[in-house]
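Next comes coords.txt, with compact mmCIF, C-alpha atoms.
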# COMPACT_ATOMS: atom_id res chain seq x y z
CA MET A 16 0.00 0.00 0.00
CA SER A 17 1.29 3.40 -0.84
CA SER A 18 2.36 5.89 1.79
CA GLN A 19 -0.37 8.27 0.56
CA SER A 20 -3.11 5.74 1.37
CA THR A 21 -1.50 5.08 4.73
CA GLY A 22 -1.53 8.78 5.53
CA LEU A 23 -5.24 9.16 4.64
CA ARG A 24 -6.37 6.17 6.74
CA PRO A 25 -6.57 8.03 10.08
CA TRP A 26 -8.76 10.70 8.44
CA ARG A 27 -11.06 8.02 6.98
CA GLN A 28 -11.35 6.37 10.34
CA ARG A 29 -12.25 9.67 11.99
CA TRP A 30 -14.79 10.34 9.25
CA ASN A 31 -16.38 6.91 9.59
CA ALA A 32 -16.44 7.29 13.35
CA LEU A 33 -18.65 10.32 13.04
CA PHE A 34 -21.38 8.29 11.39
CA GLN A 35 -22.74 5.09 13.11
CA ASP A 36 -25.84 3.10 12.42
CA HIS A 37 -28.72 4.22 14.66
CA GLU A 38 -32.02 2.53 15.44
CA ILE A 39 -34.93 4.63 16.54
CA PHE A 40 -38.07 3.21 18.13
CA ILE A 41 -41.23 5.26 17.83
CA ARG A 42 -44.35 4.41 19.89
CA THR A 43 -47.66 5.86 18.75
CA HIS A 44 -51.07 4.87 20.22
CA GLY A 45 -49.74 1.55 21.44
CA HIS A 46 -48.03 0.78 18.18
CA VAL A 47 -44.27 0.58 17.98
CA ARG A 48 -42.33 1.34 14.85
CA PHE A 49 -38.72 0.81 14.21
CA VAL A 50 -36.66 3.33 12.17
CA ARG A 51 -33.11 2.55 11.26
CA VAL A 52 -30.70 5.34 10.19
CA SER A 53 -27.66 3.90 8.53
CA ALA A 54 -24.18 5.44 8.53
CA VAL A 55 -24.17 5.52 4.75
CA TRP A 56 -27.34 7.56 4.68
CA GLN A 57 -25.96 9.97 7.29
CA LYS A 58 -22.81 10.45 5.21
CA ARG A 59 -24.90 11.22 2.14
CA VAL A 60 -26.97 13.80 4.01
CA ALA A 61 -23.80 15.38 5.47
CA LEU A 62 -22.22 15.52 2.04
CA ILE A 63 -25.35 17.07 0.58
CA ALA A 64 -25.47 19.62 3.41
CA ALA A 65 -21.78 20.38 2.97
CA ALA A 66 -22.27 20.77 -0.79
CA VAL A 67 -25.20 23.15 -0.22
CA LEU A 68 -23.17 25.10 2.32
CA LEU A 69 -20.22 25.36 -0.07
CA ALA A 70 -22.50 26.41 -2.90
CA TRP A 71 -24.04 29.11 -0.69
CA ALA A 72 -20.60 30.27 0.37
CA ALA A 73 -19.43 30.33 -3.23
CA VAL A 74 -22.46 32.32 -4.31
CA THR A 75 -21.96 34.75 -1.41
CA VAL A 76 -18.27 35.21 -2.24
CA ALA A 77 -19.11 35.65 -5.92
CA ILE A 78 -21.70 38.31 -5.10
CA PHE A 79 -19.21 40.12 -2.83
CA VAL A 80 -16.45 39.94 -5.41
CA ASN A 81 -18.84 41.14 -8.09
CA GLN A 82 -19.84 44.06 -5.91
CA LEU A 83 -16.20 44.95 -5.38
CA LEU A 84 -15.48 44.68 -9.11
CA SER A 85 -18.55 46.74 -9.96
CA ALA A 86 -17.46 49.46 -7.53
CA ASP A 87 -13.98 49.54 -9.08
CA GLU A 88 -15.47 49.62 -12.55
CA ARG A 89 -17.81 52.44 -11.59
CA ALA A 90 -14.92 54.35 -10.04
CA GLU A 91 -12.83 53.77 -13.18
CA VAL A 92 -15.69 54.91 -15.39
CA ALA A 93 -16.12 58.00 -13.22
CA ARG A 94 -12.39 58.74 -13.46
CA LYS A 95 -12.48 58.35 -17.23
CA GLN A 96 -15.52 60.61 -17.48
CA ALA A 97 -13.81 63.25 -15.32
CA ALA A 98 -10.67 63.00 -17.44
CA ALA A 99 -12.71 63.32 -20.62
CA THR A 100 -14.55 66.35 -19.23
CA ALA A 101 -11.26 67.97 -18.23
CA ALA A 102 -9.78 67.22 -21.66
CA GLU A 103 -12.81 68.76 -23.36
CA ALA A 104 -12.47 71.85 -21.19
CA ARG A 105 -8.77 72.13 -22.06
CA ILE A 106 -9.55 71.71 -25.76
CA ALA A 107 -12.26 74.37 -25.57
CA GLN A 108 -9.90 76.71 -23.70
CA TYR A 109 -7.16 76.03 -26.25
CA ARG A 110 -9.52 76.77 -29.12
CA ASP A 111 -10.63 80.00 -27.47
CA ARG A 112 -6.98 80.97 -26.94
CA VAL A 113 -6.12 80.20 -30.55
CA GLY A 114 -9.10 82.27 -31.66
CA GLU A 115 -8.02 85.20 -29.48
CA ILE A 116 -4.45 85.07 -30.76
CA ALA A 117 -5.68 84.88 -34.34
CA ALA A 118 -7.91 87.91 -33.77
CA ASP A 119 -5.03 89.88 -32.26
CA LEU A 120 -2.75 88.90 -35.14
CA ASP A 121 -5.40 90.19 -37.55
CA GLU A 122 -5.53 93.48 -35.64
CA ARG A 123 -1.76 93.77 -35.67
CA GLN A 124 -1.60 93.01 -39.38
CA ALA A 125 -4.20 95.70 -40.05
CA GLN A 126 -2.18 98.18 -37.99
CA LEU A 127 1.07 97.33 -39.81
CA GLU A 128 -0.61 97.69 -43.19
CA GLU A 129 -2.15 100.99 -42.11
CA TRP A 130 1.23 102.34 -41.02
CA GLN A 131 2.89 101.24 -44.24
CA LYS A 132 0.12 102.75 -46.36
CA THR A 133 0.03 105.99 -44.35
CA TYR A 134 3.76 106.70 -44.19
CA PHE A 135 5.13 104.93 -47.26
CA GLY A 136 2.22 104.47 -49.68
CA ALA A 137 3.28 102.37 -52.64
CA GLU A 138 6.95 102.82 -51.77
CA ALA A 139 8.72 99.48 -51.31
CA LEU A 140 10.31 98.85 -47.94
CA PRO A 141 14.03 98.09 -47.85
CA ALA A 142 14.92 94.41 -47.61
CA ALA A 143 16.27 93.05 -44.36
CA ALA A 144 20.00 92.42 -44.06
CA ASP A 145 19.55 88.63 -44.13
CA ASP A 146 17.41 88.90 -47.25
CA ASP A 147 20.15 90.91 -48.97
CA LYS A 148 22.67 88.20 -48.20
CA THR A 149 20.54 85.27 -49.25
CA GLY A 150 18.56 86.94 -52.02
CA ALA A 151 15.39 85.57 -50.50
CA ALA A 152 12.09 87.38 -50.68
CA ALA A 153 11.18 89.69 -47.85
CA ASP A 154 8.06 87.72 -47.05
CA LYS A 155 9.72 84.31 -47.22
CA PRO A 156 8.04 81.65 -45.06
CA VAL A 157 9.51 80.96 -41.67
CA GLU A 158 11.55 77.76 -41.47
CA THR A 159 9.75 74.94 -39.64
CA SER A 160 12.70 74.57 -37.29
CA ALA A 161 12.00 78.08 -35.99
CA VAL A 162 8.62 76.93 -34.65
CA ASP A 163 8.31 74.61 -31.67
CA PRO A 164 7.37 71.21 -33.15
CA ARG A 165 5.56 70.30 -29.93
CA LEU A 166 2.88 72.91 -30.66
CA PRO A 167 -0.40 71.76 -32.23
CA PRO A 168 -0.72 72.44 -35.97
CA GLU A 169 -2.99 75.44 -35.43
CA ALA A 170 -0.53 77.00 -32.99
CA GLN A 171 2.37 76.35 -35.36
CA ALA A 172 0.50 78.17 -38.13
CA LEU A 173 -0.13 81.14 -35.84
CA ALA A 174 3.52 81.13 -34.75
CA ARG A 175 4.60 81.34 -38.40
CA ILE A 176 2.23 84.26 -39.02
CA GLU A 177 3.52 86.04 -35.92
CA ALA A 178 7.15 85.50 -36.99
CA ARG A 179 6.44 86.91 -40.46
CA GLN A 180 4.70 89.91 -38.94
CA GLU A 181 7.64 90.48 -36.63
CA ALA A 182 10.00 90.37 -39.62
CA PHE A 183 7.79 92.82 -41.51
CA SER A 184 7.59 95.19 -38.54
CA ALA A 185 11.39 95.02 -38.24
CA ARG A 186 11.74 96.08 -41.89
CA LEU A 187 9.18 98.85 -41.37
CA LEU A 188 11.08 99.98 -38.28
CA ALA A 189 14.33 100.07 -40.27
CA ALA A 190 12.69 102.17 -42.99
CA VAL A 191 11.26 104.57 -40.41
CA GLY A 192 14.66 104.83 -38.73
CA ALA A 193 16.37 105.67 -42.03
CA ARG A 194 13.87 108.44 -42.80
CA ALA A 195 14.08 109.82 -39.27
CA ALA A 196 17.88 109.85 -39.48
CA LYS A 197 17.77 111.93 -42.69
CA ALA A 198 15.32 114.38 -41.16
CA GLU A 199 17.36 114.56 -37.96
CA GLY A 200 20.51 115.38 -39.91
CA ALA A 201 18.76 118.11 -41.86
CA VAL A 202 17.22 119.62 -38.72
CA ALA A 203 20.59 119.58 -36.96
CA LYS A 204 22.23 121.35 -39.92
CA LEU A 205 19.66 124.12 -39.51
CA GLY A 206 20.87 124.65 -35.96
CA LEU A 207 17.93 123.01 -34.17
CA ASP A 208 18.13 120.29 -31.52
CA PRO A 209 16.22 117.19 -32.77
CA ALA A 210 15.99 115.64 -29.31
CA SER A 211 14.53 118.82 -27.86
CA LEU A 212 11.98 119.07 -30.68
CA VAL A 213 10.78 115.50 -30.09
CA ARG A 214 10.73 115.99 -26.33
CA ASN A 215 8.68 119.18 -26.58
CA ALA A 216 6.24 117.55 -28.99
CA ALA A 217 5.80 114.56 -26.67
CA ALA A 218 5.01 116.85 -23.75
CA GLY A 219 1.74 117.98 -25.34
CA ARG A 220 -0.22 114.73 -25.29
CA GLY A 221 -3.17 113.39 -23.31
CA GLY A 222 -6.75 112.17 -23.49
CA PRO A 223 -8.93 109.62 -21.71
CA PHE A 224 -7.53 106.14 -21.09
CA ILE A 225 -9.21 103.64 -23.41
CA PRO A 226 -7.65 100.16 -23.12
CA PHE A 227 -6.47 98.53 -26.32
CA ARG A 228 -9.23 96.28 -27.60
CA GLY A 229 -6.83 93.44 -28.37
CA ARG A 230 -6.65 90.51 -25.95
CA ILE A 231 -2.92 89.80 -26.00
CA GLY A 232 -2.08 92.89 -23.95
CA ALA A 233 0.51 95.62 -24.23
CA ALA A 234 2.42 96.28 -27.39
CA GLY A 235 5.49 94.61 -25.92
CA ALA A 236 3.66 91.28 -26.03
CA LEU A 237 3.32 91.67 -29.80
CA GLY A 238 7.05 91.76 -30.50
CA LYS A 239 9.96 94.12 -29.86
CA SER A 240 9.98 95.66 -33.34
CA PHE A 241 6.23 96.23 -33.26
CA ALA A 242 6.45 97.83 -29.82
CA ALA A 243 9.22 100.19 -31.00
CA LEU A 244 7.35 101.28 -34.12
CA GLU A 245 5.00 103.72 -32.43
CA GLY A 246 7.85 105.70 -30.87
CA ALA A 247 9.89 105.62 -34.08
CA LEU A 248 6.96 106.82 -36.17
CA PHE A 249 6.23 109.64 -33.73
CA ARG A 250 9.87 110.78 -33.81
CA MET A 251 10.04 110.60 -37.61
CA GLU A 252 6.83 112.57 -38.04
CA VAL A 253 7.89 115.29 -35.58
CA LEU A 254 11.21 115.79 -37.38
CA GLU A 255 9.69 115.74 -40.87
CA ARG A 256 6.90 118.11 -39.93
CA THR A 257 9.47 120.39 -38.33
CA LEU A 258 11.43 120.42 -41.58
CA VAL A 259 8.29 121.31 -43.52
CA ALA A 260 7.44 124.04 -41.00
CA ILE A 261 10.90 125.64 -41.21
CA PRO A 262 10.61 128.92 -43.18
CA SER A 263 13.26 128.48 -45.85
CA GLY A 264 11.52 130.49 -48.58
CA GLN A 265 12.53 134.11 -49.19
CA PRO A 266 9.92 136.44 -47.62
CA ALA A 267 10.55 139.08 -50.29
CA HIS A 268 12.27 139.15 -53.66
CA VAL A 269 14.96 141.64 -52.70
CA LEU A 270 18.72 141.25 -52.82
CA MET A 271 19.83 143.49 -49.98
CA LEU A 272 19.93 142.86 -46.23
CA SER A 273 20.09 146.06 -44.18
CA SER A 274 20.28 144.54 -40.69
CA SER A 275 21.13 141.08 -39.38
CA TYR A 276 19.96 139.10 -36.36
CA GLY A 277 21.67 139.82 -33.06
CA TYR A 278 23.23 142.79 -31.31
CA ARG A 279 23.41 146.08 -33.23
CA SER A 280 23.38 149.84 -32.77
CA ASP A 281 19.83 151.08 -32.56
CA PRO A 282 19.06 153.18 -35.72
CA PHE A 283 17.31 155.85 -33.64
CA THR A 284 19.42 156.13 -30.48
CA GLY A 285 22.71 154.49 -31.45
CA ALA A 286 22.65 152.44 -28.23
CA SER A 287 23.37 148.71 -28.20
CA ALA A 288 20.23 146.73 -28.84
CA MET A 289 19.06 143.23 -29.67
CA HIS A 290 17.64 142.80 -33.15
CA SER A 291 15.39 139.72 -33.21
CA GLY A 292 15.09 139.34 -36.99
CA LEU A 293 16.36 140.31 -40.42
CA ASP A 294 15.64 143.57 -42.25
CA PHE A 295 15.10 143.46 -46.03
CA PRO A 296 14.94 146.96 -47.65
CA GLY A 297 12.87 147.44 -50.78
CA PRO A 298 10.41 149.67 -52.59
CA LEU A 299 7.14 150.52 -50.91
CA GLY A 300 4.49 147.93 -51.83
CA THR A 301 6.95 145.12 -52.61
CA PRO A 302 5.06 141.80 -52.22
CA ILE A 303 5.68 140.03 -48.91
CA LEU A 304 5.58 136.24 -49.21
CA ALA A 305 4.91 133.45 -46.70
CA ALA A 306 8.25 131.74 -46.01
CA ALA A 307 6.53 128.39 -45.34
CA PRO A 308 3.00 126.97 -45.39
CA GLY A 309 0.92 127.72 -42.34
CA LYS A 310 -2.07 129.41 -40.77
CA VAL A 311 -2.32 133.18 -40.30
CA LEU A 312 -2.58 133.83 -36.57
CA TYR A 313 -2.63 137.60 -36.41
CA VAL A 314 -3.19 140.54 -38.74
CA GLY A 315 -2.96 143.99 -37.15
CA GLN A 316 -0.62 146.34 -35.29
CA ARG A 317 1.94 145.78 -32.57
CA ALA A 318 3.96 148.35 -30.70
CA GLY A 319 7.27 149.06 -32.44
CA TYR A 320 6.40 146.74 -35.34
CA GLY A 321 3.66 148.76 -36.96
CA ASN A 322 1.45 146.64 -39.22
CA VAL A 323 2.19 142.96 -38.55
CA ILE A 324 1.24 139.51 -39.85
CA GLU A 325 2.08 136.41 -37.82
CA VAL A 326 1.89 132.93 -39.37
CA ASP A 327 1.91 129.66 -37.43
CA HIS A 328 3.73 126.88 -39.28
CA GLY A 329 3.26 124.19 -36.66
CA GLN A 330 5.81 122.39 -34.48
CA GLY A 331 6.17 125.57 -32.42
CA ILE A 332 7.48 127.62 -35.37
CA MET A 333 6.02 131.07 -36.08
CA THR A 334 7.09 133.82 -38.52
CA ARG A 335 6.46 137.51 -38.08
CA TYR A 336 6.36 140.08 -40.90
CA ALA A 337 6.49 143.72 -39.70
CA HIS A 338 6.40 147.40 -40.86
CA LEU A 339 3.89 146.50 -43.58
CA SER A 340 2.00 149.00 -45.68
CA GLY A 341 -0.94 146.71 -46.38
CA PHE A 342 -2.39 143.21 -45.96
CA THR A 343 -3.48 140.69 -48.60
CA THR A 344 -4.70 137.97 -46.23
CA ARG A 345 -6.74 137.67 -43.05
CA ALA A 346 -6.42 135.94 -39.70
CA GLY A 347 -7.33 132.26 -39.85
CA ALA A 348 -6.42 131.83 -43.52
CA GLN A 349 -4.26 128.94 -44.67
CA VAL A 350 -1.34 130.13 -46.79
CA ALA A 351 1.13 128.27 -48.97
CA ALA A 352 4.86 128.83 -49.16
CA GLY A 353 5.55 131.75 -51.52
CA GLN A 354 1.99 133.09 -51.35
CA GLN A 355 1.69 136.89 -51.03
CA ILE A 356 0.33 137.90 -47.65
CA ALA A 357 1.20 141.63 -47.42
CA LYS A 358 2.99 144.64 -48.92
CA MET A 359 6.28 146.17 -47.79
CA GLY A 360 6.09 149.45 -45.90
CA SER A 361 7.58 151.62 -43.15
CA THR A 362 4.99 151.59 -40.37
CA GLY A 363 5.92 151.47 -36.71
CA ARG A 364 9.44 152.17 -35.51
CA SER A 365 11.09 152.29 -38.94
CA THR A 366 13.54 154.52 -40.77
CA GLY A 367 12.37 153.55 -44.26
CA SER A 368 10.55 151.01 -46.40
CA HIS A 369 11.70 147.52 -45.46
CA LEU A 370 10.52 144.16 -44.12
CA HIS A 371 11.37 143.07 -40.61
CA PHE A 372 11.28 139.25 -40.68
CA GLU A 373 11.34 137.14 -37.51
CA VAL A 374 11.32 133.40 -36.84
CA ARG A 375 10.27 132.24 -33.39
CA LEU A 376 10.57 128.72 -32.01
CA ASN A 377 8.26 128.05 -29.07
CA GLY A 378 8.00 131.81 -28.56
CA VAL A 379 11.76 132.47 -28.61
CA ALA A 380 13.31 134.42 -31.48
CA VAL A 381 15.98 132.50 -33.44
CA ASN A 382 18.24 133.56 -36.28
CA PRO A 383 16.27 133.27 -39.57
CA ARG A 384 19.45 133.29 -41.64
CA ARG A 385 20.18 129.63 -40.94
CA PHE A 386 16.81 128.68 -42.47
CA LEU A 387 16.89 131.04 -45.45
CA GLU A 388 20.41 129.95 -46.38
CA ALA A 389 19.80 126.20 -46.07
CA LYS A 390 21.98 124.18 -48.39
CA ALA A 391 20.76 122.02 -51.24
CA ASP A 392 21.04 118.72 -49.37
CA VAL A 393 18.87 120.06 -46.55
CA LEU A 394 16.34 121.48 -48.98
CA GLU A 395 16.22 118.14 -50.78
CA VAL A 396 15.36 116.33 -47.54
CA LYS A 397 12.84 119.05 -46.74
CA ASP A 398 11.20 118.71 -50.14
CA ASP A 399 10.96 114.95 -49.66
CA ALA A 400 9.44 115.46 -46.21
CA ARG A 401 7.01 118.05 -47.64
CA GLN A 402 5.71 115.50 -50.15
CA ARG A 403 5.28 112.87 -47.45
CA VAL A 404 3.58 115.23 -45.01
CA GLY A 405 1.39 116.51 -47.83
CA ALA A 406 0.36 112.97 -48.64
CA LEU A 407 -0.49 112.40 -44.98
CA ALA A 408 -2.61 115.55 -44.93
CA SER A 409 -4.40 114.54 -48.11
CA ALA A 410 -5.10 111.08 -46.73
CA ALA A 411 -6.44 112.57 -43.49
CA THR A 412 -8.65 114.98 -45.44
CA GLY A 413 -9.94 112.11 -47.56
CA ARG A 414 -10.80 110.07 -44.50
CA GLY A 415 -12.53 113.07 -42.94
CA THR A 416 -14.78 113.66 -45.95
CA ARG A 417 -15.89 110.05 -46.25
Translate the structure described by the file into structure tokens.
Amino acid sequence: MSSQSTGLRPWRQRWNALFQDHEIFIRTHGHVRFVRVSAVWQKRVALIAAAVLLAWAAVTVAIFVNQLLSADERAEVARKQAAATAAEARIAQYRDRVGEIAADLDERQAQLEEWQKTYFGAEALPAAADDDKTGAAADKPVETSAVDPRLPPEAQALARIEARQEAFSARLLAAVGARAAKAEGAVAKLGLDPASLVRNAAAGRGGPFIPFRGRIGAAGALGKSFAALEGALFRMEVLERTLVAIPSGQPAHVLMLSSSYGYRSDPFTGASAMHSGLDFPGPLGTPILAAAPGKVLYVGQRAGYGNVIEVDHGQGIMTRYAHLSGFTTRAGAQVAAGQQIAKMGSTGRSTGSHLHFEVRLNGVAVNPRRFLEAKADVLEVKDDARQRVGALASAATGRGTR
């Protein structure tokens, strides 16, 4: 017999010992019955009971396990639903952000195009330095490597547009800088301080605060070149308008100059005196001409000057024409350079027929000679600036009449 059978024998004996044959006597109404319960039958009942108990236990465990699994599944489903909801929210937020950036890029593009049209018209902008070296077009597409490949396709497309706009604004900034440099050089040659002119012009600004309607924020968030454009354009326009306002035209067609600007002996007393303009002698009634375009501020008399006309040319520049014998314009009229505004005379404190011509900058008399004797290179820059400023004025007038 195998060792396995030998080892199971004690357990069989214990099992068999649990079940013995039993005889039961039952007495009912004088009758006696005999009921015999065998060990085999007891074992069968015990096995059946054990099987039922095991089946119940198995069913109970299965139900419990199923409940646990169902709870985990429900929790997993809930987690997935929450993750999906969060992902949808992120996607919606991303789409809104892309839409906002696209709208701001459209606004910036419109502003860049407006600046180019306003200040340069059909004039081509100079190519960037890199374009000159490579011979590539100014609006060449941005290399893919310049855009973060981890960005979604929509964001990559917007990044390319933004990079092209930044390149365009850099070229526009370079063109503005070149024009401002020419105007600055011409203004400096006329003896004026360009920095002071720009500073004085910037001091006279204001108005209610109306936030920019774009959603990206300040101009700095739109790129360094774009942010610098506003200041560069303001500086260029101040200098060019100053050049246009400078009275470089002869106020009278006469060849002689009887008195210069500065200290002199007074013609009446002989004492030292300050002469704040130039004196041009000529026949009575000689036409007096506006030295630059502007608006007539004053027509009348002033002590010592006699009959006077004062013309405002903008940018703080004013010309004064004195000792006149008559007027050919009125206060408030717009006059062009070279247009007759008066007639030469000898009114006021005067020793004879002549024109006293003054130029005042922000109320202070300056030497007119530097403007009237401007060299050809300065006049060329001024003429160029006059055409540009005239185009700006025409465009503004056109917009106002629409």
For Tyr320 in chain A, which residue among A:Ile332, A:Ala305, A:Leu207, A:Leu339 is the nearest when counting only C-alpha atoms? A:Leu339
Hey, what's within 7 Å of range 192-199 of chain A if we count only C-alpha atoms and toss same-chain stuff fewer than 2 positions away? As a list in words, please? Leu188, Ala189, Ala190, Ala201, Val202, Ala203, Pro209, Ala247, Arg250, Met251, Leu254, Glu255 and Val396 of chain A
Please, could you write that set of residues out with C-alpha atoms as a short mmCIF file (atom, residue, chain, number, x, y, z; two decimals), keeping the file's coordinate frame?
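This is the output file part.cif:
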data_model
loop_
_atom_site.label_atom_id
_atom_site.label_comp_id
_atom_site.auth_asym_id
_atom_site.auth_seq_id
_atom_site.Cartn_x
_atom_site.Cartn_y
_atom_site.Cartn_z
CA LEU A 188 11.08 99.98 -38.28
CA ALA A 189 14.33 100.07 -40.27
CA ALA A 190 12.69 102.17 -42.99
CA ALA A 201 18.76 118.11 -41.86
CA VAL A 202 17.22 119.62 -38.72
CA ALA A 203 20.59 119.58 -36.96
CA PRO A 209 16.22 117.19 -32.77
CA ALA A 247 9.89 105.62 -34.08
CA ARG A 250 9.87 110.78 -33.81
CA MET A 251 10.04 110.60 -37.61
CA LEU A 254 11.21 115.79 -37.38
CA GLU A 255 9.69 115.74 -40.87
CA VAL A 396 15.36 116.33 -47.54
#
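Near Ala61 in chain A, within a cut-off of 10 Å and counting all atoms listed in the file, sit the residues Phe34, Val55 and Val67 of chain A, with same-chain residues fewer than 6 positions away left out.
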Could you work out how far CA of Leu244 in chain A lies from CA of Leu120 in chain A, giving the answer in Å with one decimal? 16.0 Å
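Of the listed residues (A:Gly329, A:Lys358, A:Gly341, A:Gly264), A:Gly264 comes nearest to Asp398 in chain A; the distances count all atoms listed in the file.
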